[in-house]
Structure formats: C-alpha cells, structure tokens
file upload_4.txt (compact mmCIF, C-alpha atoms)
# COMPACT_ATOMS: atom_id res chain seq x y z
CA MET R 26 -103.86 -106.96 -8.72
CA THR R 27 -103.90 -104.84 -5.55
CA VAL R 28 -101.45 -101.96 -5.59
CA ASP R 29 -99.76 -101.23 -2.27
CA LEU R 30 -99.49 -97.45 -2.15
CA GLY R 31 -97.45 -97.57 1.00
CA MET R 32 -99.50 -94.78 2.60
CA PRO R 33 -97.93 -93.84 5.95
CA ALA R 34 -99.39 -95.57 8.98
CA GLY R 35 -100.81 -93.41 11.74
CA PRO R 36 -101.34 -89.64 11.64
CA ALA R 37 -99.29 -87.52 9.24
CA PRO R 38 -96.63 -85.34 10.86
CA VAL R 39 -97.58 -81.70 11.54
CA LEU R 40 -95.46 -78.64 12.26
CA ALA R 41 -96.85 -77.92 15.72
CA GLU R 42 -99.27 -79.14 18.32
CA ARG R 43 -102.55 -77.27 18.29
CA ARG R 44 -103.00 -74.54 20.88
CA LYS R 45 -105.46 -75.76 23.53
CA THR R 46 -108.80 -73.96 23.32
CA ARG R 47 -112.34 -74.12 24.51
CA GLN R 48 -114.54 -76.31 22.35
CA LEU R 49 -117.59 -75.06 20.41
CA GLN R 50 -120.23 -76.70 18.28
CA VAL R 51 -121.22 -74.76 15.18
CA GLY R 52 -124.09 -77.02 14.25
CA PRO R 53 -122.54 -80.47 13.74
CA VAL R 54 -119.06 -79.01 13.15
CA GLY R 55 -116.75 -78.95 16.15
CA VAL R 56 -114.58 -75.86 16.49
CA GLY R 57 -111.55 -75.80 18.74
CA SER R 58 -108.36 -77.71 19.40
CA GLU R 59 -110.19 -81.03 19.78
CA SER R 60 -111.60 -80.76 16.23
CA PRO R 61 -110.07 -80.50 12.75
CA ILE R 62 -109.45 -77.00 11.42
CA SER R 63 -112.47 -76.04 9.33
CA VAL R 64 -112.60 -74.07 6.09
CA GLN R 65 -115.15 -71.30 5.69
CA THR R 66 -116.24 -68.78 3.11
CA MET R 67 -119.07 -66.30 2.59
CA THR R 68 -121.79 -66.34 -0.02
CA THR R 69 -121.86 -63.57 -2.60
CA THR R 70 -125.56 -63.81 -3.37
CA VAL R 71 -128.25 -61.55 -1.97
CA THR R 72 -129.30 -63.54 1.08
CA ALA R 73 -132.96 -62.65 0.55
CA ASP R 74 -132.78 -64.64 -2.71
CA VAL R 75 -133.15 -67.97 -0.96
CA ASN R 76 -132.85 -70.19 -4.03
CA SER R 77 -129.70 -68.51 -5.34
CA THR R 78 -128.13 -68.55 -1.90
CA LEU R 79 -128.89 -72.23 -1.35
CA GLN R 80 -127.57 -73.05 -4.83
CA GLN R 81 -124.29 -71.33 -4.04
CA ILE R 82 -124.09 -73.06 -0.66
CA ALA R 83 -124.56 -76.41 -2.43
CA GLU R 84 -121.66 -75.58 -4.77
CA LEU R 85 -119.49 -74.59 -1.81
CA THR R 86 -120.42 -77.78 0.02
CA ALA R 87 -119.34 -79.84 -2.99
CA ALA R 88 -116.03 -77.96 -3.04
CA GLY R 89 -115.30 -78.91 0.57
CA CYS R 90 -116.65 -75.97 2.56
CA ASP R 91 -117.31 -76.84 6.21
CA ILE R 92 -119.15 -73.71 7.40
CA VAL R 93 -120.68 -70.89 5.37
CA ARG R 94 -121.45 -67.29 6.31
CA VAL R 95 -124.29 -65.23 4.82
CA ALA R 96 -124.71 -61.47 5.02
CA CYS R 97 -127.74 -60.04 6.77
CA PRO R 98 -127.88 -56.27 6.18
CA SER R 99 -131.67 -55.96 5.74
CA ALA R 100 -135.04 -57.14 7.04
CA ASP R 101 -135.56 -59.17 3.85
CA ASP R 102 -132.29 -60.99 4.48
CA ALA R 103 -133.28 -61.70 8.07
CA GLU R 104 -136.59 -63.14 6.91
CA ALA R 105 -134.74 -65.53 4.59
CA LEU R 106 -132.51 -66.95 7.33
CA PRO R 107 -134.89 -69.66 8.66
CA ALA R 108 -135.26 -71.29 5.24
CA ILE R 109 -131.56 -71.07 4.48
CA ALA R 110 -130.49 -72.41 7.88
CA LYS R 111 -132.94 -75.30 7.60
CA LYS R 112 -132.12 -76.37 4.05
CA SER R 113 -128.36 -75.84 3.97
CA GLN R 114 -126.28 -79.03 4.15
CA ILE R 115 -123.57 -77.24 6.15
CA PRO R 116 -123.83 -74.91 9.17
CA VAL R 117 -124.85 -71.33 8.37
CA ILE R 118 -123.45 -68.33 10.22
CA ALA R 119 -125.33 -65.03 9.98
CA ASP R 120 -123.07 -62.01 9.49
CA ILE R 121 -124.47 -59.00 11.36
CA HIS R 122 -123.37 -55.38 11.14
CA PHE R 123 -124.99 -52.15 12.32
CA GLN R 124 -128.38 -53.48 13.51
CA PRO R 125 -128.53 -55.46 16.80
CA LYS R 126 -132.08 -56.59 16.03
CA TYR R 127 -130.77 -58.87 13.29
CA VAL R 128 -128.59 -60.68 15.83
CA PHE R 129 -131.73 -61.80 17.62
CA ALA R 130 -133.44 -62.62 14.32
CA ALA R 131 -130.51 -64.85 13.31
CA ILE R 132 -130.56 -66.67 16.64
CA GLU R 133 -134.31 -67.22 16.40
CA ALA R 134 -133.90 -68.40 12.78
CA GLY R 135 -131.77 -71.34 13.90
CA CYS R 136 -128.47 -70.19 12.45
CA ALA R 137 -125.59 -72.34 13.68
CA ALA R 138 -123.73 -69.24 14.89
CA VAL R 139 -123.80 -65.46 14.60
CA ARG R 140 -120.92 -63.18 13.69
CA VAL R 141 -121.02 -59.70 15.20
CA ASN R 142 -118.67 -56.79 14.60
CA PRO R 143 -118.72 -54.73 17.80
CA GLY R 144 -116.99 -51.81 16.11
CA ASN R 145 -119.94 -50.93 13.92
CA ILE R 146 -123.01 -52.09 15.84
CA LYS R 147 -124.63 -49.13 17.53
CA LYS R 148 -124.54 -49.30 21.33
CA PHE R 149 -123.29 -52.88 21.12
CA ASP R 150 -122.06 -52.94 24.72
CA ASP R 151 -125.59 -52.14 25.92
CA LYS R 152 -126.95 -55.16 24.05
CA VAL R 153 -124.46 -57.77 25.22
CA LYS R 154 -126.60 -59.00 28.12
CA GLU R 155 -129.61 -59.58 25.88
CA ILE R 156 -127.55 -61.18 23.11
CA ALA R 157 -125.80 -63.46 25.60
CA GLN R 158 -129.10 -64.62 27.08
CA ALA R 159 -130.69 -65.28 23.68
CA ALA R 160 -127.60 -67.14 22.43
CA LYS R 161 -127.43 -69.16 25.64
CA ASP R 162 -131.12 -70.09 25.41
CA HIS R 163 -130.68 -71.37 21.84
CA GLY R 164 -127.18 -72.83 22.20
CA THR R 165 -125.86 -70.46 19.55
CA PRO R 166 -122.13 -69.58 19.52
CA ILE R 167 -121.08 -66.00 18.86
CA ARG R 168 -118.11 -65.00 16.74
CA ILE R 169 -116.64 -61.66 17.72
CA GLY R 170 -115.21 -60.40 14.45
CA VAL R 171 -112.95 -57.37 14.72
CA ASN R 172 -111.82 -55.77 11.46
CA ALA R 173 -109.13 -53.17 10.95
CA GLY R 174 -111.51 -51.14 8.77
CA SER R 175 -114.23 -50.98 11.38
CA LEU R 176 -112.41 -50.87 14.69
CA ASP R 177 -114.24 -49.53 17.73
CA PRO R 178 -113.77 -45.71 17.75
CA ARG R 179 -112.56 -45.86 21.35
CA LEU R 180 -109.64 -48.05 20.34
CA MET R 181 -108.87 -45.93 17.30
CA GLU R 182 -108.63 -42.92 19.57
CA LYS R 183 -106.40 -44.77 22.01
CA TYR R 184 -103.97 -46.30 19.50
CA GLY R 185 -104.29 -43.94 16.53
CA LYS R 186 -104.69 -46.80 14.05
CA ALA R 187 -105.53 -50.49 13.87
CA THR R 188 -102.42 -51.88 15.54
CA PRO R 189 -102.17 -55.53 16.60
CA GLU R 190 -102.66 -54.41 20.20
CA ALA R 191 -105.77 -52.42 19.27
CA LEU R 192 -107.33 -55.34 17.40
CA ALA R 193 -106.65 -57.79 20.22
CA GLU R 194 -107.82 -55.40 22.93
CA SER R 195 -111.09 -54.76 21.12
CA ALA R 196 -111.86 -58.47 20.80
CA LEU R 197 -110.89 -59.29 24.37
CA TRP R 198 -112.91 -56.36 25.71
CA GLU R 199 -116.08 -57.58 24.01
CA ALA R 200 -115.42 -61.21 24.98
CA GLY R 201 -115.04 -59.99 28.57
CA LEU R 202 -118.47 -58.35 28.41
CA PHE R 203 -120.02 -61.66 27.37
CA ALA R 204 -118.09 -63.46 30.11
CA GLU R 205 -119.61 -61.09 32.67
CA HIS R 206 -122.96 -62.61 31.72
CA ASP R 207 -121.57 -66.15 31.95
CA PHE R 208 -121.49 -66.66 28.19
CA HIS R 209 -118.35 -68.31 26.85
CA ASP R 210 -119.35 -69.96 23.55
CA ILE R 211 -117.23 -67.47 21.68
CA LYS R 212 -114.93 -67.59 18.68
CA ILE R 213 -112.72 -64.60 17.86
CA SER R 214 -111.25 -63.14 14.69
CA VAL R 215 -109.04 -60.05 14.33
CA LYS R 216 -108.55 -59.43 10.64
CA HIS R 217 -106.23 -57.01 8.89
CA ASN R 218 -105.09 -56.66 5.29
CA ASP R 219 -101.43 -56.65 6.36
CA PRO R 220 -100.31 -60.21 7.16
CA VAL R 221 -97.65 -58.98 9.60
CA VAL R 222 -100.15 -56.96 11.66
CA MET R 223 -102.69 -59.76 11.46
CA VAL R 224 -100.23 -62.44 12.63
CA ARG R 225 -99.13 -60.39 15.63
CA ALA R 226 -102.74 -59.65 16.63
CA TYR R 227 -103.52 -63.37 16.71
CA GLU R 228 -100.35 -64.10 18.65
CA ILE R 229 -101.45 -61.59 21.31
CA LEU R 230 -104.88 -63.21 21.48
CA ALA R 231 -103.39 -66.68 21.75
CA GLU R 232 -101.31 -65.52 24.72
CA GLN R 233 -104.24 -63.96 26.55
CA CYS R 234 -107.26 -66.21 26.01
CA ASP R 235 -108.30 -69.77 25.28
CA TYR R 236 -111.13 -69.00 22.86
CA PRO R 237 -111.03 -70.68 19.43
CA LEU R 238 -109.63 -68.36 16.76
CA HIS R 239 -110.87 -67.86 13.21
CA LEU R 240 -108.01 -66.83 10.92
CA GLY R 241 -108.32 -64.42 8.03
CA VAL R 242 -106.42 -61.76 6.13
CA THR R 243 -109.22 -59.37 5.26
CA GLU R 244 -109.38 -57.69 1.85
CA ALA R 245 -106.45 -59.89 0.82
CA GLY R 246 -106.88 -58.92 -2.83
CA PRO R 247 -107.19 -60.67 -6.21
CA ALA R 248 -106.71 -64.41 -6.39
CA PHE R 249 -102.92 -64.52 -6.80
CA GLN R 250 -102.05 -61.81 -4.28
CA GLY R 251 -104.70 -62.94 -1.80
CA THR R 252 -103.55 -66.54 -1.96
CA ILE R 253 -99.95 -65.55 -1.22
CA LYS R 254 -100.90 -63.24 1.66
CA SER R 255 -103.28 -65.75 3.22
CA ALA R 256 -100.91 -68.71 2.87
CA THR R 257 -98.06 -66.70 4.38
CA ALA R 258 -100.09 -65.49 7.36
CA PHE R 259 -101.82 -68.81 8.00
CA GLY R 260 -98.55 -70.69 7.76
CA ALA R 261 -96.91 -68.39 10.31
CA LEU R 262 -99.77 -68.95 12.76
CA LEU R 263 -100.43 -72.63 12.13
CA ARG R 264 -96.71 -73.21 12.64
CA GLN R 265 -97.39 -72.10 16.22
CA GLY R 266 -100.52 -74.22 16.54
CA ILE R 267 -102.72 -71.11 16.35
CA GLY R 268 -105.95 -71.31 14.36
CA ASP R 269 -109.17 -73.31 14.52
CA THR R 270 -111.06 -72.15 11.44
CA ILE R 271 -109.86 -70.27 8.36
CA ARG R 272 -111.25 -68.13 5.59
CA VAL R 273 -109.20 -67.12 2.55
CA SER R 274 -110.63 -63.76 1.46
CA LEU R 275 -110.20 -63.33 -2.29
CA SER R 276 -111.61 -61.04 -4.94
CA ALA R 277 -112.73 -64.22 -6.66
CA PRO R 278 -115.70 -66.63 -6.54
CA PRO R 279 -116.07 -68.18 -3.07
CA VAL R 280 -115.46 -71.68 -4.44
CA GLU R 281 -111.90 -70.52 -5.17
CA GLU R 282 -111.52 -69.47 -1.53
CA ILE R 283 -112.47 -72.99 -0.46
CA LYS R 284 -110.01 -74.59 -2.88
CA VAL R 285 -107.14 -72.42 -1.63
CA GLY R 286 -108.04 -72.87 2.03
CA ALA R 287 -108.31 -76.63 1.72
CA GLN R 288 -105.00 -76.81 -0.13
CA ILE R 289 -103.23 -74.77 2.55
CA LEU R 290 -104.42 -77.20 5.21
CA GLN R 291 -103.60 -80.25 3.09
CA SER R 292 -100.10 -78.93 2.46
CA LEU R 293 -99.51 -78.75 6.22
CA ASN R 294 -101.09 -82.18 6.88
CA LEU R 295 -103.92 -80.45 8.75
CA ARG R 296 -106.51 -81.92 6.39
CA PRO R 297 -106.35 -85.32 4.66
CA ARG R 298 -104.57 -85.05 1.34
CA LYS R 299 -106.44 -85.86 -1.85
CA LEU R 300 -105.08 -85.90 -5.37
CA GLU R 301 -101.78 -84.02 -5.61
CA ILE R 302 -99.93 -83.30 -8.83
CA VAL R 303 -96.18 -82.80 -8.33
CA SER R 304 -94.63 -81.34 -11.48
CA CYS R 305 -91.26 -79.79 -12.15
CA PRO R 306 -90.97 -76.08 -13.04
CA SER R 307 -89.10 -76.95 -16.23
CA CYS R 308 -85.64 -75.72 -17.24
CA GLY R 309 -83.11 -76.06 -20.02
CA ARG R 310 -82.71 -79.76 -19.21
CA ALA R 311 -86.36 -80.56 -19.98
CA GLN R 312 -86.88 -82.81 -22.97
CA VAL R 313 -90.65 -82.55 -22.93
CA ASP R 314 -93.22 -79.72 -22.67
CA VAL R 315 -93.77 -80.07 -18.90
CA TYR R 316 -96.38 -77.31 -18.74
CA LYS R 317 -98.56 -78.99 -21.37
CA LEU R 318 -98.03 -82.42 -19.87
CA ALA R 319 -98.95 -81.30 -16.34
CA ASP R 320 -102.04 -79.44 -17.58
CA GLU R 321 -103.25 -82.46 -19.55
CA VAL R 322 -102.72 -84.86 -16.66
CA THR R 323 -104.49 -82.48 -14.28
CA ALA R 324 -107.44 -82.12 -16.66
CA GLY R 325 -107.58 -85.87 -17.22
CA LEU R 326 -107.74 -86.60 -13.48
CA GLU R 327 -110.25 -83.89 -12.68
CA GLY R 328 -112.75 -85.17 -10.16
CA MET R 329 -110.55 -87.84 -8.60
CA GLU R 330 -110.93 -87.79 -4.82
CA VAL R 331 -108.16 -90.11 -3.65
CA PRO R 332 -105.00 -89.64 -1.55
CA LEU R 333 -102.81 -90.05 -4.61
CA ARG R 334 -99.59 -88.22 -5.46
CA VAL R 335 -98.80 -88.07 -9.17
CA ALA R 336 -95.38 -86.83 -10.31
CA VAL R 337 -94.98 -85.33 -13.78
CA MET R 338 -91.26 -84.81 -14.41
CA GLY R 339 -89.48 -83.56 -17.50
CA CYS R 340 -85.83 -84.66 -17.34
CA VAL R 341 -83.47 -87.38 -16.20
CA VAL R 342 -81.85 -85.38 -13.36
CA ASN R 343 -84.63 -85.17 -10.74
CA GLY R 344 -87.28 -87.00 -12.73
CA PRO R 345 -86.66 -90.64 -11.76
CA GLY R 346 -86.14 -89.81 -8.10
CA GLU R 347 -89.29 -87.71 -7.82
CA ALA R 348 -91.30 -90.26 -9.80
CA ARG R 349 -90.15 -93.04 -7.46
CA GLU R 350 -91.23 -91.04 -4.40
CA ALA R 351 -94.74 -90.56 -5.76
CA ASP R 352 -97.52 -93.12 -5.83
CA LEU R 353 -97.64 -92.76 -9.60
CA GLY R 354 -95.25 -90.84 -11.82
CA VAL R 355 -93.48 -90.35 -15.09
CA ALA R 356 -89.89 -89.40 -15.89
CA SER R 357 -89.81 -88.07 -19.44
CA GLY R 358 -87.00 -87.72 -21.95
CA ASN R 359 -85.78 -88.72 -25.41
CA GLY R 360 -89.32 -88.98 -26.74
CA LYS R 361 -90.53 -91.47 -24.15
CA GLY R 362 -91.59 -91.73 -20.55
CA GLN R 363 -90.88 -94.23 -17.79
CA ILE R 364 -94.04 -94.92 -15.79
CA PHE R 365 -93.51 -95.59 -12.08
CA VAL R 366 -95.99 -97.08 -9.60
CA LYS R 367 -94.78 -96.79 -6.02
CA GLY R 368 -91.13 -96.66 -6.91
CA GLU R 369 -91.10 -99.37 -9.57
CA VAL R 370 -90.93 -98.87 -13.32
CA ILE R 371 -93.90 -100.74 -14.74
CA LYS R 372 -93.51 -99.73 -18.39
CA THR R 373 -91.92 -97.30 -20.83
CA VAL R 374 -94.23 -95.61 -23.33
CA PRO R 375 -93.82 -93.18 -26.25
CA GLU R 376 -94.22 -89.51 -25.34
CA HIS R 377 -97.63 -89.26 -27.02
CA GLN R 378 -98.97 -92.03 -24.75
CA ILE R 379 -97.77 -90.59 -21.42
CA VAL R 380 -100.98 -88.75 -20.49
CA GLU R 381 -103.24 -91.62 -21.51
CA THR R 382 -101.11 -94.13 -19.60
CA LEU R 383 -100.96 -92.03 -16.41
CA ILE R 384 -104.73 -91.56 -16.42
CA GLU R 385 -105.32 -95.28 -16.97
CA GLU R 386 -102.96 -96.22 -14.13
CA ALA R 387 -104.49 -93.62 -11.80
CA MET R 388 -107.98 -94.96 -12.49
CA ARG R 389 -106.80 -98.51 -11.86
CA ILE R 390 -105.18 -97.52 -8.56
CA ALA R 391 -108.33 -95.64 -7.51
CA GLU R 392 -110.43 -98.69 -8.28
CA ASP R 393 -108.08 -100.92 -6.29
CA MET R 394 -108.41 -98.49 -3.38
CA GLY R 395 -112.18 -98.78 -3.54
CA GLU R 396 -112.58 -95.05 -4.23
CA THR R 397 -114.93 -93.38 -6.67
CA VAL R 398 -114.54 -90.41 -8.96
CA GLU R 399 -117.16 -87.76 -8.29
CA GLU R 400 -118.42 -86.19 -11.47
CA GLY R 401 -117.86 -82.46 -11.56
CA ALA R 402 -115.61 -82.39 -8.49
CA SER R 403 -112.15 -80.89 -8.65
CA PRO R 404 -108.86 -82.32 -7.42
CA THR R 405 -106.42 -80.59 -5.18
CA VAL R 406 -103.43 -79.73 -7.34
CA THR R 407 -99.98 -78.59 -6.22
CA VAL R 408 -97.49 -77.57 -8.91
CA SER R 409 -93.97 -77.47 -7.54
call {"tool": "encode", "arguments": {"input": "upload_4.txt", "output": "structure tokens"}}
result
Amino acid sequence: MTVDLGMPAGPAPVLAERRKTRQLQVGPVGVGSESPISVQTMTTTVTADVNSTLQQIAELTAAGCDIVRVACPSADDAEALPAIAKKSQIPVIADIHFQPKYVFAAIEAGCAAVRVNPGNIKKFDDKVKEIAQAAKDHGTPIRIGVNAGSLDPRLMEKYGKATPEALAESALWEAGLFAEHDFHDIKISVKHNDPVVMVRAYEILAEQCDYPLHLGVTEAGPAFQGTIKSATAFGALLRQGIGDTIRVSLSAPPVEEIKVGAQILQSLNLRPRKLEIVSCPSCGRAQVDVYKLADEVTAGLEGMEVPLRVAVMGCVVNGPGEAREADLGVASGNGKGQIFVKGEVIKTVPEHQIVETLIEEAMRIAEDMGETVEEGASPTVTVS
C-alpha cells in the first residue's frame, strides 16, 4: 500500500525573500541569493595532521556540512593544504591570520576560498593588490572576516569599541580596497559575541553593499547558550532575507554546530526538512511518560533521512489534533495509544507497544517513499 503523505506541493513558505547579492562559487557550492543558504563549520584538528583533518571533514560531510574551514597558523599547516583541498569531499576554506604569505599559499594550494581577517594581518592594506591578483588568477573567492576581538586598531581608535558601525566600516573599507583592483569575488562576515550588536552590523552591511554575507555569533558559548544566541541572531536576520552562509560557533564538537545550523535553516524552511519529532512538553494532564516516549522514538528512528514529521503526544487535549497534523503520530492515554497516519487512526495499541509500532510504521512509510536509512546518520529532531 502506498501512503499519501500529503507533502505540500511547490516550495515551502519562507518568512522573507532573500536579499539580492552578487553570486560566488566556493568550489561547487554556490554562495549568494541565487543559491541555498549553506552551513559551515571549522575543523578542530591540527591542520598539519592531514589524516585527522580529513577524517573530521568526512564526519562533518556526513552530518550535512556544505563548506569547511581549516586553520592555517603555521608553515606546516600551509604545506598540508594541497592534500586536504584535493581529498576533501566538500570545499575547503583556509583561515588566515597574521601572516599574508599563507594567503598566497592557500590560493596556490587550490583551496576553494580564503578567509582573511584584516584587523590582525600585518600591513594588510599593502598586500591587497597582490592578493587580489593571485585570487583573480586562480578564481579564488575571498572572505573578509571582521571580528569584534580583532578589529582594525584604526577603527578601535575612531569608535572606542567594536560597535556595529565599526564592524561594518572595517569590512566595507577592506572590500573597497579589493574593488579598487577590480576584484569583487568577496564574501563578508562581521562577528560579535553580542547578538544585538551582531544583527545591527549585518543590517548596516546589507544596506550598503550587495556582497554575500556569512552569518555568525562569534564565541557564542557552550552548546545551550550558543545555540540560543545563534538561533536568535540568525532568525532576526533571516527574517529580513539577510544571510547567505551560516556558522554556529559552539564550545562543542563541530558536528554539533552543523546539526544546530541545519536545524535552524530547516525550521525556517530554508533547507529541506528531514525527520522531525514533535513532542509535547508534558504537564499534569499527561497520562504517559512523554520524555521517555519521545527519547525512545528518537533513538529508534536514528538515521532516518526522510521528510517525515512524527508527533509524540501525551494527553487527550492536544494529542489527537497534533497527531492528525503530523505524517505519523500517537495520542497516548489510559494505558494505550492511538496511532495516526496522515490524519487517520490506523490502530490502537497498548502503551508498551507504542514505540515499536511507531518505528514499524515509520519504516514502512520510508520504504513506500523509496528512501533509505543511512547507518550511523542522525535525524533532525525538534522537541516542542
């Protein structure tokens, strides 16, 4: 039997039309308003350790990373770039601070793009002409990455601190230097650890240029705090159509950054939805252990890569309605659970069979959809 999931026809609704930008190619990944918003992170390995770095990149690729950045603070790291750029399955951006010579090394190594921080590269302005020519010759985009913690001293003196205006002015100044040499393959980021300052800095940029913008709240903090700060800031900007790539900066393994970033975009219909678990927060009306039930269903469906919404509900007030709205769901109570498939009750099972039944039905639906379950992959889970 084929199950009609009733997936909406045409594109999913979004909060705002994307801001129109120039278009870049970071390797095979398009960046700009004509391309999907991409999710990035940065490796935590020593770049000179090629095998470890490539292993981590492979894990990030499996988690849904679109573009990866690697640090290049030393000559050994620079020497490793050709092998990493060649063997990585996703585009590699070299992250350069302090030493201009590594910018040229990264371009020569075949990196898909190079990130430079003008605020802490010595005599950066004097090197722009050479960098622009080398990047132009190799077709390598440049990301101008301004950080609040390493703002150009001239701007610090002018503004007194890293204000939104200071961040934006720094980025636009350096972009203007590249433009003087007819180089425009530029992406800009202006990161700050305060979401309010960060959002305003990007709004100023969006008003004054048409370069693609890479969003990030820098030093966002541990996983919980960083997720909240990043989601808040990204939501405020994406609501205005601002943002072409994102990085969620967490004091956590980079795979977690990818999971959070992808989920933010999925929640806003800016990336195709995958598996989504909708579960109630529980209350005094609940007649089942919702927390345990949701955890068991999530664990049982780990690895399922389908656009499937599963509702796990614990009472008779909102339960049936939410379960009917989902592709697959259960409304629990009185020691049993009603199993819904696309709005219709297909069976009622004892409480101890709910998890098993939901997993069986999800697998059947996935098979009917012609999808496969990737071993070791993780679903996107939203608990509401």
call {"tool": "closest_residue", "arguments": {"input": "upload_4.txt", "among": "R:Gly325, R:Cys90, R:Gly354, R:Val331", "to": "Glu381 of chain R", "atoms": "all atoms listed in the file"}}
result
R:Gly325
call {"tool": "residues_around", "arguments": {"input": "upload_4.txt", "residues": "Ile109 of chain R", "least_positions_apart": "2", "cutoff": "12 Å", "atoms": "only C-alpha atoms", "output": "PDB file with C-alpha atoms, keeping the file's coordinate frame"}}
result
ATOM      1  CA  THR R  68    -121.790 -66.340  -0.020  1.00  0.00           C
ATOM      2  CA  VAL R  71    -128.250 -61.550  -1.970  1.00  0.00           C
ATOM      3  CA  THR R  72    -129.300 -63.540   1.080  1.00  0.00           C
ATOM      4  CA  ALA R  73    -132.960 -62.650   0.550  1.00  0.00           C
ATOM      5  CA  ASP R  74    -132.780 -64.640  -2.710  1.00  0.00           C
ATOM      6  CA  VAL R  75    -133.150 -67.970  -0.960  1.00  0.00           C
ATOM      7  CA  ASN R  76    -132.850 -70.190  -4.030  1.00  0.00           C
ATOM      8  CA  SER R  77    -129.700 -68.510  -5.340  1.00  0.00           C
ATOM      9  CA  THR R  78    -128.130 -68.550  -1.900  1.00  0.00           C
ATOM     10  CA  LEU R  79    -128.890 -72.230  -1.350  1.00  0.00           C
ATOM     11  CA  GLN R  80    -127.570 -73.050  -4.830  1.00  0.00           C
ATOM     12  CA  GLN R  81    -124.290 -71.330  -4.040  1.00  0.00           C
ATOM     13  CA  ILE R  82    -124.090 -73.060  -0.660  1.00  0.00           C
ATOM     14  CA  ALA R  83    -124.560 -76.410  -2.430  1.00  0.00           C
ATOM     15  CA  VAL R  93    -120.680 -70.890   5.370  1.00  0.00           C
ATOM     16  CA  ARG R  94    -121.450 -67.290   6.310  1.00  0.00           C
ATOM     17  CA  VAL R  95    -124.290 -65.230   4.820  1.00  0.00           C
ATOM     18  CA  ALA R  96    -124.710 -61.470   5.020  1.00  0.00           C
ATOM     19  CA  CYS R  97    -127.740 -60.040   6.770  1.00  0.00           C
ATOM     20  CA  ASP R 102    -132.290 -60.990   4.480  1.00  0.00           C
ATOM     21  CA  ALA R 103    -133.280 -61.700   8.070  1.00  0.00           C
ATOM     22  CA  GLU R 104    -136.590 -63.140   6.910  1.00  0.00           C
ATOM     23  CA  ALA R 105    -134.740 -65.530   4.590  1.00  0.00           C
ATOM     24  CA  LEU R 106    -132.510 -66.950   7.330  1.00  0.00           C
ATOM     25  CA  PRO R 107    -134.890 -69.660   8.660  1.00  0.00           C
ATOM     26  CA  LYS R 111    -132.940 -75.300   7.600  1.00  0.00           C
ATOM     27  CA  LYS R 112    -132.120 -76.370   4.050  1.00  0.00           C
ATOM     28  CA  SER R 113    -128.360 -75.840   3.970  1.00  0.00           C
ATOM     29  CA  GLN R 114    -126.280 -79.030   4.150  1.00  0.00           C
ATOM     30  CA  ILE R 115    -123.570 -77.240   6.150  1.00  0.00           C
ATOM     31  CA  PRO R 116    -123.830 -74.910   9.170  1.00  0.00           C
ATOM     32  CA  VAL R 117    -124.850 -71.330   8.370  1.00  0.00           C
ATOM     33  CA  ILE R 118    -123.450 -68.330  10.220  1.00  0.00           C
ATOM     34  CA  ALA R 119    -125.330 -65.030   9.980  1.00  0.00           C
ATOM     35  CA  ALA R 131    -130.510 -64.850  13.310  1.00  0.00           C
ATOM     36  CA  ALA R 134    -133.900 -68.400  12.780  1.00  0.00           C
ATOM     37  CA  GLY R 135    -131.770 -71.340  13.900  1.00  0.00           C
ATOM     38  CA  CYS R 136    -128.470 -70.190  12.450  1.00  0.00           C
ATOM     39  CA  ALA R 137    -125.590 -72.340  13.680  1.00  0.00           C
TER      40      ALA R 137
END
call {"tool": "atom_distance", "arguments": {"input": "upload_4.txt", "atom1": "atom CA of Tyr236 of chain R", "atom2": "atom CA of Ile213 of chain R"}}
result
6.8 Å
call {"tool": "residues_near_point", "arguments": {"input": "upload_4.txt", "point": "(-92.5, -77.7, 10.0)", "cutoff": "9 Å", "atoms": "only C-alpha atoms", "output": "list in words"}}
result
Pro38, Val39, Leu40, Ala41, Arg264 and Leu293 of chain R
call {"tool": "atom_distance", "arguments": {"input": "upload_4.txt", "atom1": "atom CA of Pro125 of chain R", "atom2": "atom CA of Gly241 of chain R"}}
result
23.8 Å
call {"tool": "atom_distance", "arguments": {"input": "upload_4.txt", "atom1": "atom CA of Met181 of chain R", "atom2": "atom CA of Glu194 of chain R"}}
result
11.1 Å
call {"tool": "closest_residue", "arguments": {"input": "upload_4.txt", "among": "R:Ile229, R:Lys372, R:His217, R:Gln265", "to": "Gly246 of chain R", "atoms": "all atoms listed in the file"}}
result
R:His217
call {"tool": "axis_aligned_box", "arguments": {"input": "upload_4.txt", "around": "segment 96-115 of chain R", "padding_each_side": "5 Å", "output": "AutoDock Vina command-line options"}}
result
--center_x -130.1 --center_y -67.5 --center_z 6.3 --size_x 23.0 --size_y 33.1 --size_z 14.8
call {"tool": "closest_residue", "arguments": {"input": "upload_4.txt", "among": "R:Val141, R:Gly260, R:Thr66, R:Cys308", "to": "Phe129 of chain R", "atoms": "all atoms listed in the file"}}
result
R:Val141
call {"tool": "closest_residue", "arguments": {"input": "upload_4.txt", "among": "R:Asp393, R:Glu199, R:Glu321, R:Glu330", "to": "His377 of chain R", "atoms": "only C-alpha atoms"}}
result
R:Glu321
call {"tool": "closest_residue", "arguments": {"input": "upload_4.txt", "among": "R:Ala248, R:Ala336, R:Ile169, R:Val153", "to": "Val280 of chain R", "atoms": "all atoms listed in the file"}}
result
R:Ala248
call {"tool": "residues_around", "arguments": {"input": "upload_4.txt", "residues": "Pro166 of chain R", "least_positions_apart": "3", "cutoff": "12 Å", "atoms": "only C-alpha atoms", "output": "compact mmCIF listing (two decimals) with C-alpha atoms, in the frame of the given file"}}
result
# COMPACT_ATOMS: atom_id res chain seq x y z
CA ARG R 47 -112.34 -74.12 24.51
CA GLN R 48 -114.54 -76.31 22.35
CA LEU R 49 -117.59 -75.06 20.41
CA GLN R 50 -120.23 -76.70 18.28
CA VAL R 51 -121.22 -74.76 15.18
CA GLY R 52 -124.09 -77.02 14.25
CA VAL R 54 -119.06 -79.01 13.15
CA GLY R 55 -116.75 -78.95 16.15
CA VAL R 56 -114.58 -75.86 16.49
CA PRO R 116 -123.83 -74.91 9.17
CA VAL R 117 -124.85 -71.33 8.37
CA ILE R 118 -123.45 -68.33 10.22
CA ALA R 119 -125.33 -65.03 9.98
CA VAL R 128 -128.59 -60.68 15.83
CA ALA R 131 -130.51 -64.85 13.31
CA ILE R 132 -130.56 -66.67 16.64
CA GLY R 135 -131.77 -71.34 13.90
CA CYS R 136 -128.47 -70.19 12.45
CA ALA R 137 -125.59 -72.34 13.68
CA ALA R 138 -123.73 -69.24 14.89
CA VAL R 139 -123.80 -65.46 14.60
CA ARG R 140 -120.92 -63.18 13.69
CA VAL R 141 -121.02 -59.70 15.20
CA ILE R 156 -127.55 -61.18 23.11
CA ALA R 157 -125.80 -63.46 25.60
CA GLN R 158 -129.10 -64.62 27.08
CA ALA R 159 -130.69 -65.28 23.68
CA ALA R 160 -127.60 -67.14 22.43
CA LYS R 161 -127.43 -69.16 25.64
CA ASP R 162 -131.12 -70.09 25.41
CA HIS R 163 -130.68 -71.37 21.84
CA ILE R 169 -116.64 -61.66 17.72
CA PHE R 203 -120.02 -61.66 27.37
CA PHE R 208 -121.49 -66.66 28.19
CA HIS R 209 -118.35 -68.31 26.85
CA ASP R 210 -119.35 -69.96 23.55
CA ILE R 211 -117.23 -67.47 21.68
CA LYS R 212 -114.93 -67.59 18.68
CA ILE R 213 -112.72 -64.60 17.86
CA TYR R 236 -111.13 -69.00 22.86
CA PRO R 237 -111.03 -70.68 19.43
